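*Asks:* The structure under discussion is supplied below as structure tokens; questions concerning it will follow.
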Amino acid sequence: SVRLKVERGLELGDSLQSVPSVFDNLYCSLVRAGTKSGQLDVILRRLSQYIEKNAKLKRQLFGALFYPAIVVLIAVALTLFMLWIVVPMLASTFIEADKELPGLTMAVIGASNFLRDYTLHFLAGVGLCVMLFRRWVSTPAGRYTWDGIVLRIPLIGTLVQKISIARFASTTATLVASGVGITDVPKTSASVLGNKVLEEGIGRVREGVIQGKGMGIPMAQEKFFPEMVTSMVTIGETSGRLDTMLIKVSEFYEEEVDLAMSSLLYRDWE
């Protein structure tokens, strides 16, 4: 499909954008910049390196969250097993003893009885909650609210923030080095973050860039960016080495992500 469009005279970047399921906005923007500057081979090499880094971050995130997710699932399964099988057996023993039971014990027995008597209702309720949650998250307001909640979750929120900074710095460095216009850089970089709250913050940074403030000053006004990041961006803009400074930021936060991943992976979740 792309080849046919190129043969008909359409530019490569525009041809790639006709297949958004394969080539995202960042990919197409960089290809356009490479075509205009005559450095398509250099930019494609940078793009390849960026995609490899991004894939590595995704694998690390999956690896770090896999173990705690399994622990939570096993805990839920054991709880349901206890309520379904074990508690009724103990409850019959308590009833035969004919003694007054503590309130917490009665609550557990009540939960067990409810689960056994209304199993279908319980499953239907869980399914309904999942369906309503997915529908809510699919709305702009719901997605924005949920992304904000994720950023406030202990450990996970910090990890998401570090991954987002690493991706933003790496993407921005690649765009700047490839000759993409500075006013278009924040918009394209924001599209790879996957968090609406952070994307909104990058949108405000872009407004500052359009007003001639550069990137460092608007970034300093966003709580999302640590002082070290905004200082390095400001230094990069002043010295004309913004892409170099952003690469250093990206490498630093990639190491931070590695440490955070290891902390999650080897944390005592019991």
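In the structure tokens, chains take letters A, B, ... by order of appearance, with residues numbered from 1 within each chain and ligands from 1 in the order shown.
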Within 6 Å of Val180 of chain A, counting only C-alpha atoms, which residues qualify if same-chain residues fewer than 3 places away don't, as a PyMOL selection string?

*Replies:* chain A and resi 33+175-176

*Asks:* What does the file look like for those residues with C-alpha atoms, as a PDB file, in the first residue's frame?

*Replies:*
```pdb
ATOM      1  CA  ALA A  33      11.928  15.552   8.468  1.00  0.00           C
ATOM      2  CA  LEU A 175      12.838  14.933  16.996  1.00  0.00           C
ATOM      3  CA  VAL A 176      15.193  17.845  17.714  1.00  0.00           C
TER       4      VAL A 176
END
```

*Asks:* For a quick check of understanding, using only C-alpha atoms, which of A:Ser1, A:Gln39, A:Thr230, A:Thr158 has the smallest distance to Met215 of chain A?

*Replies:*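 Under the stated criterion, the closest residue is A:Thr230.
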
*Asks:* Which distance in Å separates atom CA of Ile109 of chain A and atom CA of Ile74 of chain A, to one decimal?

*Replies:*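 Distance between the two atoms: 21.2 Å.
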
*Asks:* What is the distance, in Å and to one decimal place, between atom CA of Met131 of chain A and atom CA of Phe81 of chain A?

*Replies:* 24.4 Å

*Asks:* Return as JSON lines the residues of segment 104-212 of chain A lying at most 8 Å from segment 241-256 of chain A, together with the closest atom-to-atom pair for each and the distance in Å to one decimal, counting only C-alpha atoms, with rows in chain order and ascending residue number.

*Replies:*
```
{"residue": "A:Lys162", "atom": "CA", "partner": "A:Tyr253", "partner_atom": "CA", "distance": 6.1}
{"residue": "A:Ile163", "atom": "CA", "partner": "A:Tyr253", "partner_atom": "CA", "distance": 7.3}
{"residue": "A:Ile165", "atom": "CA", "partner": "A:Tyr253", "partner_atom": "CA", "distance": 7.0}
{"residue": "A:Ala166", "atom": "CA", "partner": "A:Ser250", "partner_atom": "CA", "distance": 4.5}
{"residue": "A:Arg167", "atom": "CA", "partner": "A:Ser250", "partner_atom": "CA", "distance": 7.1}
{"residue": "A:Phe168", "atom": "CA", "partner": "A:Ser250", "partner_atom": "CA", "distance": 7.9}
{"residue": "A:Ala169", "atom": "CA", "partner": "A:Leu246", "partner_atom": "CA", "distance": 5.1}
{"residue": "A:Ser170", "atom": "CA", "partner": "A:Ser250", "partner_atom": "CA", "distance": 5.4}
{"residue": "A:Thr172", "atom": "CA", "partner": "A:Leu246", "partner_atom": "CA", "distance": 7.2}
{"residue": "A:Ala173", "atom": "CA", "partner": "A:Asp243", "partner_atom": "CA", "distance": 4.3}
{"residue": "A:Thr174", "atom": "CA", "partner": "A:Asp243", "partner_atom": "CA", "distance": 7.1}
{"residue": "A:Val176", "atom": "CA", "partner": "A:Asp243", "partner_atom": "CA", "distance": 5.9}
{"residue": "A:Ala177", "atom": "CA", "partner": "A:Asp243", "partner_atom": "CA", "distance": 5.8}
```

*Asks:* Let me see the file: selected residues, all heavy atoms, as an mmCIF file, in the first residue's frame.

*Replies:*
```
data_model
loop_
_atom_site.group_PDB
_atom_site.id
_atom_site.type_symbol
_atom_site.label_atom_id
_atom_site.label_comp_id
_atom_site.auth_asym_id
_atom_site.auth_seq_id
_atom_site.Cartn_x
_atom_site.Cartn_y
_atom_site.Cartn_z
ATOM 1 N N LYS A 162 8.655 8.116 35.899
ATOM 2 C CA LYS A 162 10.033 7.965 35.406
ATOM 3 C C LYS A 162 10.052 7.419 33.980
ATOM 4 O O LYS A 162 10.849 7.873 33.142
ATOM 5 C CB LYS A 162 10.820 7.048 36.337
ATOM 6 C CG LYS A 162 11.112 7.676 37.697
ATOM 7 C CD LYS A 162 11.874 6.723 38.602
ATOM 8 C CE LYS A 162 12.198 7.401 39.931
ATOM 9 N NZ LYS A 162 12.923 6.500 40.856
ATOM 10 N N ILE A 163 9.194 6.458 33.696
ATOM 11 C CA ILE A 163 9.119 5.923 32.339
ATOM 12 C C ILE A 163 8.681 7.009 31.366
ATOM 13 O O ILE A 163 9.229 7.132 30.260
ATOM 14 C CB ILE A 163 8.147 4.730 32.287
ATOM 15 C CG1 ILE A 163 8.747 3.527 33.020
ATOM 16 C CG2 ILE A 163 7.831 4.344 30.843
ATOM 17 C CD1 ILE A 163 7.810 2.345 33.109
ATOM 18 N N ILE A 165 9.067 10.295 31.658
ATOM 19 C CA ILE A 165 10.146 11.264 31.457
ATOM 20 C C ILE A 165 11.193 10.694 30.512
ATOM 21 O O ILE A 165 11.692 11.392 29.607
ATOM 22 C CB ILE A 165 10.791 11.647 32.808
ATOM 23 C CG1 ILE A 165 9.808 12.452 33.654
ATOM 24 C CG2 ILE A 165 12.070 12.453 32.585
ATOM 25 C CD1 ILE A 165 10.319 12.794 35.038
ATOM 26 N N ALA A 166 11.539 9.420 30.696
ATOM 27 C CA ALA A 166 12.528 8.785 29.816
ATOM 28 C C ALA A 166 12.027 8.769 28.377
ATOM 29 O O ALA A 166 12.784 9.087 27.438
ATOM 30 C CB ALA A 166 12.813 7.362 30.297
ATOM 31 N N ARG A 167 10.766 8.426 28.168
ATOM 32 C CA ARG A 167 10.210 8.372 26.812
ATOM 33 C C ARG A 167 10.108 9.767 26.211
ATOM 34 O O ARG A 167 10.401 9.973 25.026
ATOM 35 C CB ARG A 167 8.836 7.703 26.834
ATOM 36 C CG ARG A 167 8.875 6.240 27.236
ATOM 37 C CD ARG A 167 7.501 5.615 27.263
ATOM 38 N NE ARG A 167 6.957 5.458 25.925
ATOM 39 C CZ ARG A 167 5.772 4.898 25.672
ATOM 40 N NH1 ARG A 167 5.031 4.465 26.682
ATOM 41 N NH2 ARG A 167 5.343 4.777 24.451
ATOM 42 N N PHE A 168 9.678 10.742 27.027
ATOM 43 C CA PHE A 168 9.562 12.114 26.528
ATOM 44 C C PHE A 168 10.932 12.651 26.123
ATOM 45 O O PHE A 168 11.084 13.251 25.049
ATOM 46 C CB PHE A 168 8.950 13.006 27.604
ATOM 47 C CG PHE A 168 8.912 14.465 27.233
ATOM 48 C CD1 PHE A 168 7.932 14.953 26.387
ATOM 49 C CD2 PHE A 168 9.866 15.341 27.726
ATOM 50 C CE1 PHE A 168 7.905 16.297 26.029
ATOM 51 C CE2 PHE A 168 9.850 16.683 27.380
ATOM 52 C CZ PHE A 168 8.865 17.163 26.535
ATOM 53 N N ALA A 169 11.944 12.447 26.974
ATOM 54 C CA ALA A 169 13.278 12.956 26.677
ATOM 55 C C ALA A 169 13.860 12.281 25.438
ATOM 56 O O ALA A 169 14.445 12.938 24.565
ATOM 57 C CB ALA A 169 14.197 12.733 27.880
ATOM 58 N N SER A 170 13.691 10.973 25.342
ATOM 59 C CA SER A 170 14.225 10.235 24.197
ATOM 60 C C SER A 170 13.532 10.660 22.901
ATOM 61 O O SER A 170 14.190 10.896 21.880
ATOM 62 C CB SER A 170 14.040 8.731 24.413
ATOM 63 O OG SER A 170 14.492 7.997 23.306
ATOM 64 N N THR A 172 11.857 13.526 22.318
ATOM 65 C CA THR A 172 12.170 14.915 22.009
ATOM 66 C C THR A 172 13.576 15.054 21.439
ATOM 67 O O THR A 172 13.804 15.811 20.489
ATOM 68 C CB THR A 172 12.026 15.788 23.278
ATOM 69 O OG1 THR A 172 10.711 15.630 23.817
ATOM 70 C CG2 THR A 172 12.243 17.258 22.955
ATOM 71 N N ALA A 173 14.538 14.314 22.022
ATOM 72 C CA ALA A 173 15.914 14.353 21.513
ATOM 73 C C ALA A 173 15.967 13.880 20.061
ATOM 74 O O ALA A 173 16.644 14.482 19.217
ATOM 75 C CB ALA A 173 16.817 13.491 22.387
ATOM 76 N N THR A 174 15.238 12.815 19.779
ATOM 77 C CA THR A 174 15.213 12.287 18.405
ATOM 78 C C THR A 174 14.599 13.288 17.434
ATOM 79 O O THR A 174 15.099 13.500 16.330
ATOM 80 C CB THR A 174 14.424 10.967 18.363
ATOM 81 O OG1 THR A 174 14.994 10.038 19.280
ATOM 82 C CG2 THR A 174 14.460 10.344 16.969
ATOM 83 N N VAL A 176 14.344 16.658 17.842
ATOM 84 C CA VAL A 176 15.193 17.845 17.714
ATOM 85 C C VAL A 176 16.393 17.553 16.818
ATOM 86 O O VAL A 176 16.738 18.340 15.926
ATOM 87 C CB VAL A 176 15.651 18.327 19.107
ATOM 88 C CG1 VAL A 176 16.717 19.420 18.973
ATOM 89 C CG2 VAL A 176 14.471 18.849 19.903
ATOM 90 N N ALA A 177 17.035 16.400 17.051
ATOM 91 C CA ALA A 177 18.207 16.037 16.251
ATOM 92 C C ALA A 177 17.844 15.806 14.786
ATOM 93 O O ALA A 177 18.693 15.950 13.900
ATOM 94 C CB ALA A 177 18.866 14.781 16.829
#
```

*Asks:* List every residue of segment 163-262 of chain A that DSSP, applied to the backbone of this structure, places in alpha helix (DSSP H), and write the result as a VMD selection string.

*Replies:* chain A and resid 163 to 177 185 to 190 196 to 210 216 to 220 227 to 239 242 to 262

*Asks:* Identify which of the residues A:Leu12, A:Val150, A:Val6, A:Val185 lies closest to Arg206 of chain A, counting only C-alpha atoms when measuring atom-to-atom distances.

*Replies:*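 Checking each candidate against Arg206 of chain A, we get A:Val185 as the closest.
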
*Asks:* Set the distance at 12 Å and use only C-alpha atoms: which residues neighbour Phe122 of chain A once local chain neighbours fewer than 5 positions away are removed? I'd like the list as an MDAnalysis selection string.

*Replies:* chainID A and resid 80 111:117 127:129

*Asks:* Next, the residues of the selection above should be written as a PDB file, in the first residue's frame with C-alpha atoms.

*Replies:*
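Output file selection_37.pdb follows:
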```
ATOM      1  CA  LEU A  80     -12.724 -16.886  47.427  1.00  0.00           C
ATOM      2  CA  ALA A 111     -19.901 -12.914  53.361  1.00  0.00           C
ATOM      3  CA  SER A 112     -19.453 -16.641  52.826  1.00  0.00           C
ATOM      4  CA  ASN A 113     -23.203 -17.260  52.910  1.00  0.00           C
ATOM      5  CA  PHE A 114     -23.814 -14.401  50.476  1.00  0.00           C
ATOM      6  CA  LEU A 115     -21.191 -15.744  48.073  1.00  0.00           C
ATOM      7  CA  ARG A 116     -22.679 -19.256  48.141  1.00  0.00           C
ATOM      8  CA  ASP A 117     -26.302 -18.146  47.930  1.00  0.00           C
ATOM      9  CA  GLY A 127     -18.795  -8.527  35.123  1.00  0.00           C
ATOM     10  CA  LEU A 128     -20.993  -5.416  35.196  1.00  0.00           C
ATOM     11  CA  CYS A 129     -18.390  -3.498  37.198  1.00  0.00           C
TER      12      CYS A 129
END
```

*Asks:* Would you mind reading off the distance between atom CA of Gly181 of chain A and atom CA of Gly38 of chain A, one decimal, in Å?

*Replies:*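 Atom-to-atom, atom CA of Gly181 of chain A and atom CA of Gly38 of chain A are spaced 15.7 Å apart.
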
*Asks:* Would you mind listing what lies within 7 Å of segment 42-55 of chain A as a VMD selection string, with only C-alpha atoms counted and same-chain residues fewer than 2 positions away left out?

*Replies:* chain A and resid 30 34 39 to 40 57 to 59 170 174 178

*Asks:* For all heavy atoms, I'd like the residues from the last selection saved as a PDB file, in the first residue's frame.

*Replies:*
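Ended up saving to part35.pdb:
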```
ATOM      1  N   LEU A  30       9.137  11.982  11.733  1.00  0.00           N
ATOM      2  CA  LEU A  30      10.577  11.850  11.558  1.00  0.00           C
ATOM      3  C   LEU A  30      10.931  11.530  10.107  1.00  0.00           C
ATOM      4  O   LEU A  30      11.932  12.028   9.583  1.00  0.00           O
ATOM      5  CB  LEU A  30      11.117  10.760  12.484  1.00  0.00           C
ATOM      6  CG  LEU A  30      11.152  11.121  13.969  1.00  0.00           C
ATOM      7  CD1 LEU A  30      11.616   9.941  14.807  1.00  0.00           C
ATOM      8  CD2 LEU A  30      12.067  12.308  14.207  1.00  0.00           C
ATOM      9  N   GLY A  34      13.319  13.702   7.721  1.00  0.00           N
ATOM     10  CA  GLY A  34      14.461  13.103   7.039  1.00  0.00           C
ATOM     11  C   GLY A  34      14.407  13.302   5.542  1.00  0.00           C
ATOM     12  O   GLY A  34      15.429  13.534   4.886  1.00  0.00           O
ATOM     13  N   GLN A  39      18.500  13.518   5.022  1.00  0.00           N
ATOM     14  CA  GLN A  39      19.188  12.629   5.964  1.00  0.00           C
ATOM     15  C   GLN A  39      18.264  11.493   6.399  1.00  0.00           C
ATOM     16  O   GLN A  39      18.250  11.105   7.562  1.00  0.00           O
ATOM     17  CB  GLN A  39      19.654  13.411   7.193  1.00  0.00           C
ATOM     18  CG  GLN A  39      20.735  14.433   6.897  1.00  0.00           C
ATOM     19  CD  GLN A  39      21.213  15.101   8.167  1.00  0.00           C
ATOM     20  OE1 GLN A  39      20.421  15.510   9.010  1.00  0.00           O
ATOM     21  NE2 GLN A  39      22.524  15.203   8.325  1.00  0.00           N
ATOM     22  N   LEU A  40      17.522  10.954   5.471  1.00  0.00           N
ATOM     23  CA  LEU A  40      16.552   9.921   5.809  1.00  0.00           C
ATOM     24  C   LEU A  40      17.223   8.696   6.428  1.00  0.00           C
ATOM     25  O   LEU A  40      16.693   8.105   7.375  1.00  0.00           O
ATOM     26  CB  LEU A  40      15.759   9.515   4.561  1.00  0.00           C
ATOM     27  CG  LEU A  40      14.641   8.492   4.786  1.00  0.00           C
ATOM     28  CD1 LEU A  40      13.632   9.003   5.794  1.00  0.00           C
ATOM     29  CD2 LEU A  40      13.951   8.172   3.464  1.00  0.00           C
ATOM     30  N   LEU A  57      11.733  -0.643  27.499  1.00  0.00           N
ATOM     31  CA  LEU A  57      10.980  -0.095  28.632  1.00  0.00           C
ATOM     32  C   LEU A  57       9.676  -0.857  28.845  1.00  0.00           C
ATOM     33  O   LEU A  57       9.289  -1.152  29.976  1.00  0.00           O
ATOM     34  CB  LEU A  57      10.687   1.387  28.397  1.00  0.00           C
ATOM     35  CG  LEU A  57      11.855   2.363  28.585  1.00  0.00           C
ATOM     36  CD1 LEU A  57      11.448   3.759  28.157  1.00  0.00           C
ATOM     37  CD2 LEU A  57      12.333   2.371  30.024  1.00  0.00           C
ATOM     38  N   LYS A  58       9.002  -1.189  27.750  1.00  0.00           N
ATOM     39  CA  LYS A  58       7.742  -1.934  27.869  1.00  0.00           C
ATOM     40  C   LYS A  58       7.974  -3.324  28.458  1.00  0.00           C
ATOM     41  O   LYS A  58       7.209  -3.786  29.301  1.00  0.00           O
ATOM     42  CB  LYS A  58       7.078  -2.049  26.496  1.00  0.00           C
ATOM     43  CG  LYS A  58       6.491  -0.744  25.985  1.00  0.00           C
ATOM     44  CD  LYS A  58       5.815  -0.941  24.638  1.00  0.00           C
ATOM     45  CE  LYS A  58       5.196   0.344  24.136  1.00  0.00           C
ATOM     46  NZ  LYS A  58       4.531   0.178  22.816  1.00  0.00           N
ATOM     47  N   ARG A  59       9.047  -3.995  28.018  1.00  0.00           N
ATOM     48  CA  ARG A  59       9.360  -5.323  28.558  1.00  0.00           C
ATOM     49  C   ARG A  59       9.686  -5.243  30.035  1.00  0.00           C
ATOM     50  O   ARG A  59       9.278  -6.103  30.833  1.00  0.00           O
ATOM     51  CB  ARG A  59      10.525  -5.938  27.793  1.00  0.00           C
ATOM     52  CG  ARG A  59      10.200  -6.386  26.380  1.00  0.00           C
ATOM     53  CD  ARG A  59      11.273  -7.309  25.824  1.00  0.00           C
ATOM     54  NE  ARG A  59      12.579  -6.659  25.810  1.00  0.00           N
ATOM     55  CZ  ARG A  59      13.050  -5.982  24.771  1.00  0.00           C
ATOM     56  NH1 ARG A  59      12.312  -5.826  23.681  1.00  0.00           N
ATOM     57  NH2 ARG A  59      14.254  -5.437  24.812  1.00  0.00           N
ATOM     58  N   SER A 170      13.691  10.973  25.342  1.00  0.00           N
ATOM     59  CA  SER A 170      14.225  10.235  24.197  1.00  0.00           C
ATOM     60  C   SER A 170      13.532  10.660  22.901  1.00  0.00           C
ATOM     61  O   SER A 170      14.190  10.896  21.880  1.00  0.00           O
ATOM     62  CB  SER A 170      14.040   8.731  24.413  1.00  0.00           C
ATOM     63  OG  SER A 170      14.492   7.997  23.306  1.00  0.00           O
ATOM     64  N   THR A 174      15.238  12.815  19.779  1.00  0.00           N
ATOM     65  CA  THR A 174      15.213  12.287  18.405  1.00  0.00           C
ATOM     66  C   THR A 174      14.599  13.288  17.434  1.00  0.00           C
ATOM     67  O   THR A 174      15.099  13.500  16.330  1.00  0.00           O
ATOM     68  CB  THR A 174      14.424  10.967  18.363  1.00  0.00           C
ATOM     69  OG1 THR A 174      14.994  10.038  19.280  1.00  0.00           O
ATOM     70  CG2 THR A 174      14.460  10.344  16.969  1.00  0.00           C
ATOM     71  N   SER A 178      16.584  15.469  14.541  1.00  0.00           N
ATOM     72  CA  SER A 178      16.143  15.186  13.174  1.00  0.00           C
ATOM     73  C   SER A 178      15.662  16.427  12.443  1.00  0.00           C
ATOM     74  O   SER A 178      15.271  16.337  11.272  1.00  0.00           O
ATOM     75  CB  SER A 178      15.035  14.132  13.196  1.00  0.00           C
ATOM     76  OG  SER A 178      15.484  12.954  13.831  1.00  0.00           O
TER      77      SER A 178
END
```

*Asks:* Which residues are close to Leu198 of chain A, i.e. within 10 Å by only C-alpha atoms, leaving aside same-chain residues fewer than 4 positions away? Reply as number ranges by chain.

*Replies:* A: 144, 147-148, 151, 161, 164-165, 190-191, 193-194, 202-203, 222, 224-225

*Asks:* Could you save the residues just selected, with C-alpha atoms, as a PDB file, in the first residue's frame?

*Replies:*
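Now in again_21.pdb:
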```
ATOM      1  CA  TYR A 144      -8.134  11.607  32.398  1.00  0.00           C
ATOM      2  CA  ASP A 147      -4.600   8.388  34.565  1.00  0.00           C
ATOM      3  CA  GLY A 148      -4.457  10.869  37.436  1.00  0.00           C
ATOM      4  CA  LEU A 151       0.059   8.659  39.025  1.00  0.00           C
ATOM      5  CA  GLN A 161       6.433   9.113  35.936  1.00  0.00           C
ATOM      6  CA  SER A 164       7.214   8.887  30.892  1.00  0.00           C
ATOM      7  CA  ILE A 165      10.146  11.264  31.457  1.00  0.00           C
ATOM      8  CA  ALA A 190       3.213  13.984  24.161  1.00  0.00           C
ATOM      9  CA  SER A 191       1.513  11.434  21.908  1.00  0.00           C
ATOM     10  CA  LEU A 193       3.304   9.105  26.810  1.00  0.00           C
ATOM     11  CA  GLY A 194      -0.015   7.252  27.029  1.00  0.00           C
ATOM     12  CA  ILE A 202       3.056  18.794  27.701  1.00  0.00           C
ATOM     13  CA  GLY A 203       0.325  20.715  25.879  1.00  0.00           C
ATOM     14  CA  GLU A 222       4.849  21.623  35.585  1.00  0.00           C
ATOM     15  CA  PHE A 224       5.644  16.468  36.607  1.00  0.00           C
ATOM     16  CA  PHE A 225       9.226  17.427  35.670  1.00  0.00           C
TER      17      PHE A 225
END
```

*Asks:* For Met219 of chain A, work out the shell of residues within 10 Å, counting only C-alpha atoms and skipping chain neighbours fewer than 5 positions away, then give it as a PyMOL selection string.

*Replies:* chain A and resi 201-202+204-206+208-209+214+224-227+229-231+233-234
